[in-house]
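Here is query_9.txt, consisting of compact mmCIF, C-alpha atoms:
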# COMPACT_ATOMS: atom_id res chain seq x y z
CA MET A 1120 160.08 145.69 31.10
CA PHE A 1121 156.82 145.18 32.96
CA ASP A 1122 155.58 148.75 33.17
CA GLN A 1123 152.54 150.75 32.03
CA SER A 1124 153.95 151.63 28.61
CA PRO A 1125 151.12 150.02 26.55
CA PHE A 1126 148.71 152.64 27.92
CA HIS A 1127 148.23 156.34 27.22
CA CYS A 1128 147.49 157.37 30.83
CA ARG A 1129 149.70 156.07 33.64
CA VAL A 1130 150.21 156.68 37.35
CA GLU A 1131 153.64 156.37 39.02
CA TRP A 1132 154.71 157.19 42.58
CA GLY A 1133 157.27 159.70 43.76
CA ARG A 1134 160.78 160.52 42.60
CA ARG A 1135 161.34 157.15 40.92
CA GLY A 1136 158.07 157.54 39.05
CA ALA A 1137 159.08 161.04 37.95
CA ARG A 1138 162.38 159.73 36.63
CA ASP A 1139 160.73 156.87 34.75
CA ALA A 1140 158.19 159.23 33.17
CA ALA A 1141 160.95 161.62 32.18
CA ASP A 1142 162.96 158.79 30.62
CA ARG A 1143 159.90 157.84 28.54
CA GLY A 1144 159.31 161.44 27.45
CA ASP A 1145 155.78 161.57 28.84
CA LEU A 1146 153.79 164.64 29.70
CA VAL A 1147 153.94 164.75 33.51
CA ILE A 1148 151.43 166.00 36.08
CA VAL A 1149 152.95 166.37 39.55
CA VAL A 1150 150.44 165.93 42.39
CA ASP A 1151 151.41 166.90 45.95
CA VAL A 1152 148.12 167.90 47.57
CA LEU A 1153 149.53 168.69 51.04
CA SER A 1154 150.97 171.03 50.06
CA PHE A 1155 153.38 171.81 47.19
CA SER A 1156 150.87 171.48 44.33
CA SER A 1157 148.10 173.32 46.15
CA THR A 1158 150.51 176.10 47.12
CA VAL A 1159 151.76 176.54 43.55
CA VAL A 1160 148.23 176.60 42.11
CA THR A 1161 147.00 179.09 44.72
CA ALA A 1162 150.07 181.32 44.41
CA LEU A 1163 149.75 181.51 40.62
CA ASN A 1164 146.04 182.21 40.96
CA TYR A 1165 147.03 185.38 42.82
CA GLY A 1166 149.72 186.30 40.31
CA ALA A 1167 152.85 185.21 42.19
CA ILE A 1168 155.82 183.78 40.27
CA ILE A 1169 157.05 180.45 41.66
CA TYR A 1170 160.44 178.85 41.02
CA PRO A 1171 160.55 175.20 42.18
CA TYR A 1172 163.88 174.08 43.62
CA PRO A 1173 165.14 170.79 45.07
CA PRO A 1174 166.17 170.67 48.74
CA SER A 1175 169.49 169.09 47.76
CA LEU A 1176 170.70 172.39 46.23
CA ASN A 1177 171.16 175.90 47.64
CA GLY A 1178 167.80 177.54 47.13
CA LYS A 1179 168.74 180.68 49.04
CA ASP A 1180 171.67 181.30 46.71
CA PHE A 1181 169.47 180.75 43.66
CA ALA A 1182 166.83 183.14 45.03
CA GLY A 1183 169.48 185.81 45.51
CA LYS A 1184 170.64 185.47 41.92
CA ILE A 1185 167.17 185.95 40.43
CA GLY A 1186 165.92 188.56 42.88
CA ALA A 1187 163.36 186.29 44.50
CA GLN A 1188 162.34 185.57 48.08
CA TYR A 1189 163.36 182.15 49.38
CA ILE A 1190 160.36 180.55 51.04
CA LEU A 1191 161.07 179.58 54.64
CA GLY A 1192 159.64 176.67 56.62
CA ARG A 1193 156.03 176.90 57.80
CA SER A 1194 156.68 177.71 61.44
CA GLU A 1195 159.35 180.35 60.80
CA ALA A 1196 157.37 181.99 57.99
CA ALA A 1197 154.17 182.00 60.06
CA LYS A 1198 155.90 183.97 62.82
CA LEU A 1199 157.09 186.55 60.26
CA GLY A 1200 153.76 186.68 58.41
CA ILE A 1201 155.27 185.87 55.01
CA PRO A 1202 154.32 183.27 52.36
CA THR A 1203 155.46 179.70 52.90
CA LEU A 1204 154.68 176.12 51.77
CA SER A 1205 151.07 176.85 52.64
CA PRO A 1206 148.45 177.80 50.08
CA VAL A 1207 146.50 180.02 52.47
CA SER A 1208 149.60 182.16 53.03
CA PHE A 1209 149.24 183.55 49.49
CA ASN A 1210 146.88 186.34 48.42
CA GLN A 1211 146.74 189.37 46.13
CA ALA A 1212 149.61 191.01 48.01
CA GLN A 1213 152.05 188.59 46.34
CA GLU A 1214 151.10 189.51 42.76
CA ASN A 1215 154.14 189.74 40.44
CA LYS A 1216 156.54 188.82 43.26
CA LYS A 1217 159.08 186.02 42.80
CA TYR A 1218 159.43 183.10 45.22
CA VAL A 1219 161.75 180.09 45.30
CA LEU A 1220 159.85 177.12 46.70
CA THR A 1221 161.67 174.03 47.93
CA SER A 1222 160.06 170.80 49.11
CA LEU A 1223 161.09 167.19 49.65
CA ASN A 1224 158.38 165.81 47.39
CA GLY A 1225 156.61 168.04 44.87
CA ALA A 1226 159.52 170.37 44.13
CA PHE A 1227 161.94 167.46 43.99
CA CYS A 1228 159.73 165.48 41.58
CA THR A 1229 159.36 168.60 39.44
CA TRP A 1230 163.13 169.01 39.29
CA ILE A 1231 163.65 165.36 38.31
CA ALA A 1232 161.08 165.52 35.50
CA SER A 1233 161.82 169.08 34.38
CA LYS A 1234 162.99 168.08 30.87
CA VAL A 1235 159.78 166.34 29.80
CA PRO A 1236 157.71 167.73 26.86
CA ALA A 1237 155.38 169.41 29.36
CA LEU A 1238 155.16 169.41 33.15
CA LEU A 1239 151.97 170.52 34.85
CA ILE A 1240 151.07 170.92 38.51
CA GLY A 1241 147.82 169.30 39.56
CA SER A 1242 145.84 169.04 42.76
CA LEU A 1243 142.27 168.60 43.88
CA ILE A 1244 141.71 172.34 43.70
CA ASN A 1245 142.41 172.48 39.92
CA ALA A 1246 141.80 168.85 38.86
CA SER A 1247 139.41 169.48 35.96
CA SER A 1248 141.40 172.38 34.53
CA VAL A 1249 144.75 170.61 34.62
CA ALA A 1250 143.20 167.53 32.99
CA ARG A 1251 141.76 169.68 30.20
CA VAL A 1252 145.12 171.30 29.47
CA ALA A 1253 146.92 167.95 29.67
CA ASN A 1254 144.53 166.47 27.11
CA GLN A 1255 145.24 169.37 24.75
CA LEU A 1256 149.02 169.30 25.13
CA SER A 1257 149.16 165.51 24.89
CA THR A 1258 147.27 165.59 21.59
CA GLN A 1259 149.40 168.42 20.20
CA ALA A 1260 152.71 166.76 21.11
CA ASN A 1261 151.51 163.17 20.53
CA VAL A 1262 152.83 161.99 23.90
CA ASN A 1263 151.48 159.89 26.73
CA ILE A 1264 150.58 161.20 30.18
CA THR A 1265 151.94 160.12 33.56
CA VAL A 1266 150.36 161.43 36.74
CA ILE A 1267 152.79 161.47 39.69
CA PRO A 1268 151.32 161.31 43.20
CA CYS A 1269 154.40 162.40 45.12
CA GLY A 1270 153.70 160.87 48.52
CA GLU A 1271 155.56 161.73 51.69
CA GLN A 1272 158.90 160.69 53.22
CA TRP A 1273 159.36 158.56 56.32
CA ASN A 1274 161.47 160.28 58.97
CA ASP A 1275 162.72 157.16 60.76
CA VAL A 1276 163.93 154.99 57.89
CA ARG A 1277 166.17 152.05 58.77
CA ALA A 1278 168.87 150.55 56.59
CA ASN A 1279 167.63 149.12 53.28
CA GLU A 1280 164.13 150.58 53.72
CA ASP A 1281 162.38 152.74 51.14
CA THR A 1282 161.81 156.35 52.24
CA LEU A 1283 158.57 156.83 50.26
CA ARG A 1284 155.33 156.91 52.24
CA PRO A 1285 152.37 156.67 49.82
CA SER A 1286 149.69 159.16 50.83
CA ILE A 1287 145.96 158.96 50.20
CA GLU A 1288 145.58 162.69 49.53
CA ASP A 1289 147.94 162.49 46.56
CA TYR A 1290 146.34 159.25 45.34
CA LEU A 1291 142.89 160.86 45.44
CA GLY A 1292 144.21 164.00 43.75
CA ALA A 1293 145.76 161.89 41.01
CA GLY A 1294 142.49 160.00 40.63
CA ALA A 1295 140.50 163.21 40.27
CA ILE A 1296 142.75 164.23 37.37
CA LEU A 1297 142.87 160.79 35.77
CA ALA A 1298 139.06 160.64 35.82
CA GLU A 1299 139.02 163.43 33.22
CA LEU A 1300 142.00 162.42 31.09
CA GLU A 1301 141.30 161.10 27.61
CA GLY A 1302 142.79 157.90 26.21
CA ASN A 1303 143.13 154.38 27.52
CA LYS A 1304 144.31 153.99 31.10
CA SER A 1305 146.63 151.45 32.65
CA PRO A 1306 145.14 149.13 35.31
CA GLU A 1307 147.03 151.20 37.88
CA ALA A 1308 145.43 154.38 36.55
CA GLU A 1309 142.00 152.75 36.39
CA LEU A 1310 142.23 151.76 40.05
CA CYS A 1311 143.41 155.23 41.05
CA THR A 1312 140.44 156.74 39.20
CA ALA A 1313 138.07 154.31 40.91
CA ALA A 1314 139.43 155.29 44.32
CA PHE A 1315 138.59 158.92 43.63
CA THR A 1316 135.16 158.10 42.21
CA HIS A 1317 134.29 155.98 45.24
CA ALA A 1318 135.53 158.60 47.73
CA ASN A 1319 134.33 161.69 45.86
CA GLN A 1320 131.56 162.62 48.30
CA LYS A 1321 133.73 162.36 51.40
CA ILE A 1322 137.16 163.47 50.23
CA SER A 1323 137.32 166.39 52.67
CA ASP A 1324 136.63 164.10 55.63
CA LEU A 1325 139.14 161.50 54.47
CA ILE A 1326 141.93 164.04 54.02
CA TRP A 1327 141.07 165.77 57.28
CA ASP A 1328 141.58 162.51 59.20
CA CYS A 1329 144.37 160.88 57.17
CA GLY A 1330 147.93 160.79 58.49
CA SER A 1331 149.11 163.81 56.52
CA GLY A 1332 146.02 165.81 57.40
CA ARG A 1333 146.35 165.09 61.12
CA GLU A 1334 150.03 165.97 61.02
CA LEU A 1335 149.34 169.41 59.55
CA ARG A 1336 146.41 170.06 61.88
CA GLU A 1337 148.47 169.22 64.95
CA LYS A 1338 151.10 171.71 63.76
CA GLY A 1339 148.47 174.45 63.54
CA PHE A 1340 147.74 174.36 59.81
CA ALA A 1341 144.15 173.14 59.77
CA GLU A 1342 143.18 175.84 57.25
CA ASP A 1343 145.65 174.37 54.77
CA VAL A 1344 143.97 170.98 55.06
CA ARG A 1345 140.54 172.51 54.47
CA HIS A 1346 141.76 174.54 51.50
CA CYS A 1347 143.60 171.66 49.81
CA SER A 1348 140.65 169.28 50.19
CA GLN A 1349 138.34 171.34 47.97
CA LEU A 1350 137.60 170.19 44.43
CA ASN A 1351 137.95 172.46 41.39
CA ILE A 1352 137.91 175.84 43.12
CA PHE A 1353 140.52 177.24 40.70
CA GLN A 1354 141.03 177.11 36.94
CA THR A 1355 144.73 177.91 37.29
CA VAL A 1356 147.05 175.45 35.51
CA PRO A 1357 150.78 175.82 36.30
CA LEU A 1358 153.07 174.80 33.43
CA LEU A 1359 156.83 174.67 33.98
CA LYS A 1360 158.57 177.09 31.61
CA LYS A 1361 162.33 176.62 31.98
CA ASP A 1362 162.74 177.38 35.71
CA HIS A 1363 159.38 178.78 36.83
CA PHE A 1364 155.65 178.17 36.46
CA GLU A 1365 153.26 180.03 34.17
CA ASP A 1366 149.48 179.83 34.28
CA VAL A 1367 148.21 178.35 30.99
CA ARG A 1368 144.55 177.95 31.93

Whole structure, structure tokens version:
Amino acid sequence: MFDQSPFHCRVEWGRRGARDAADRGDLVIVVDVLSFSSTVVTALNYGAIIYPYPPSLNGKDFAGKIGAQYILGRSEAAKLGIPTLSPVSFNQAQENKKYVLTSLNGAFCTWIASKVPALLIGSLINASSVARVANQLSTQANVNITVIPCGEQWNDVRANEDTLRPSIEDYLGAGAILAELEGNKSPEAELCTAAFTHANQKISDLIWDCGSGRELREKGFAEDVRHCSQLNIFQTVPLLKKDHFEDVR
């Protein structure tokens, strides 16, 4: 099979990439900058407890069973003033509270790869810290590392078309992490790293004006775009433990 298996550090896109990495038994880092990964990192930084859940299953029912709050869509949650799939909606007030977070990309990829030796959540805001922990866990478990930029989903897919829309914010986030991972990198990972290195000084501007950034800004979530575009503002490292994330910084 013509894949990246000869190399220690790999990069694979979306749900298919998550499945392939899980089948190989790699350590997985899920990267969904706008906004699943950034929301999870920020929420854990403030002490919240996050349970990722796929949109294909009944998250509200699961939340009821574990005594958690099911996170609503951005617009509905914003009207009610409660946390949502938005990192800036979390603060100290959510400490020790449980939340079930569903998303089409990051949460779904997490669910698909949940049985790997270790699954971490990475973003621009914790890139160095998640890379450090990944290096440690990879050495301890003697496993390879796959970074998964999740991408977005097209809304108007026609028959026989792929639904994945690769996104530059996730590619740059993956590159920021790969730049600090130890071990030989696949050509795909090398190129992803180079993209981050080249764009490092203007990442905020690129994400602000990219398709995903413009979409969020036009919906009234410009602060999310600003927050998610920052590099290494948190040391928080979410590690999936059974059905929720724990900070293992």

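Comparing the minimum interatomic distances between A:Asp1145 and each of A:Ala1313, A:Ala1278, A:Val1262, A:Cys1128, counting all atoms listed in the file, we find that A:Val1262 sits nearest.
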
If we draw a sphere of 12 Å around (159.5, 151.4, 49.6), which residues have at least one atom in it when counting all atoms listed in the file? Please report them as number ranges by chain. A: 1132-1135, 1270-1273, 1276-1285

Write the residues of the selection above to a file with C-alpha atoms, as a compact mmCIF listing (two decimals), in the frame of the given file.
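out.txt, written as the output of this step:
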# COMPACT_ATOMS: atom_id res chain seq x y z
CA TRP A 1132 154.71 157.19 42.58
CA GLY A 1133 157.27 159.70 43.76
CA ARG A 1134 160.78 160.52 42.60
CA ARG A 1135 161.34 157.15 40.92
CA GLY A 1270 153.70 160.87 48.52
CA GLU A 1271 155.56 161.73 51.69
CA GLN A 1272 158.90 160.69 53.22
CA TRP A 1273 159.36 158.56 56.32
CA VAL A 1276 163.93 154.99 57.89
CA ARG A 1277 166.17 152.05 58.77
CA ALA A 1278 168.87 150.55 56.59
CA ASN A 1279 167.63 149.12 53.28
CA GLU A 1280 164.13 150.58 53.72
CA ASP A 1281 162.38 152.74 51.14
CA THR A 1282 161.81 156.35 52.24
CA LEU A 1283 158.57 156.83 50.26
CA ARG A 1284 155.33 156.91 52.24
CA PRO A 1285 152.37 156.67 49.82

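Nearest to A:Gly1144 of all the residues A:Ser1331, A:Asn1261, A:Thr1203, A:Ser1222 is A:Asn1261, counting only C-alpha atoms.
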
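Our summary of the geometry notes that atom CA of A:Ala1137 is positioned 20.9 Å from atom CA of A:Leu1204.
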
Computed gap from atom CA of A:Ile1168 to atom CA of A:Glu1214 is 7.8 Å

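With all atoms listed in the file as the atoms that count, the minimum distance from A:Gly1339 to the choices A:Lys1234, A:Phe1315, A:Thr1265, A:Ala1197 is reached by A:Ala1197.
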
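Every polymer residue reaching to within 9 Å of (137.2, 163.3, 47.4), counting all atoms listed in the file, appears in this list: A:Leu1243, A:Glu1288, A:Leu1291, A:Gly1292, A:Ala1295, A:Ala1314, A:Phe1315, A:Thr1316, A:His1317, A:Ala1318, A:Asn1319, A:Gln1320, A:Lys1321, A:Ile1322, A:Ser1323, A:Asp1324, A:Leu1325, A:Ile1326, A:Ser1348, A:Gln1349, A:Leu1350.
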
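Using only C-alpha atoms, the nearest neighbour of A:Ser1205 within the list A:Val1160, A:Leu1310, A:Ile1240, A:Leu1359 is A:Val1160.
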
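Put simply, atom CA of A:Gly1136 is 6.6 Å away from atom CA of A:Ile1267.
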
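Each of A:Arg1333, A:Lys1216, A:Ser1242, A:Cys1311 was compared to A:Val1149 using all atoms listed in the file, and A:Ser1242 turns out to be the nearest.
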
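Using all atoms listed in the file, the residues found no farther than 6 Å from A:Ile1169, other than those of its own chain fewer than 4 positions away, are Tyr1218, Val1219, His1363 and Phe1364 of chain A.
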
Counting all atoms listed in the file, the residue of A:Cys1329, A:Val1252, A:Leu1297, A:Leu1220 that sits nearest A:Pro1174: A:Leu1220

Check which residues of stretch 1160-1196 of chain A sit at most 12 Å from stretch 1340-1344 of chain A using all atoms listed in the file, and return one row each with the closest pair of atoms and their distance in Å to one decimal, ordered by chain and rising number, as CSV.
residue,atom,partner,partner_atom,distance
A:Thr1161,CA,A:Asp1343,CA,11.2
A:Arg1193,CA,A:Phe1340,CA,8.9
A:Ser1194,CA,A:Phe1340,CA,9.7

I'd like the box whose edges run along x, y and z of the file and which contains every listed atom of stretch 1270-1284 of chain A, padded by 3 Å per side; could you state its centre and edge lengths in Å, one decimal, as AutoDock Vina command-line options?
--center_x 161.3 --center_y 155.4 --center_z 54.6 --size_x 21.2 --size_y 18.6 --size_z 18.2
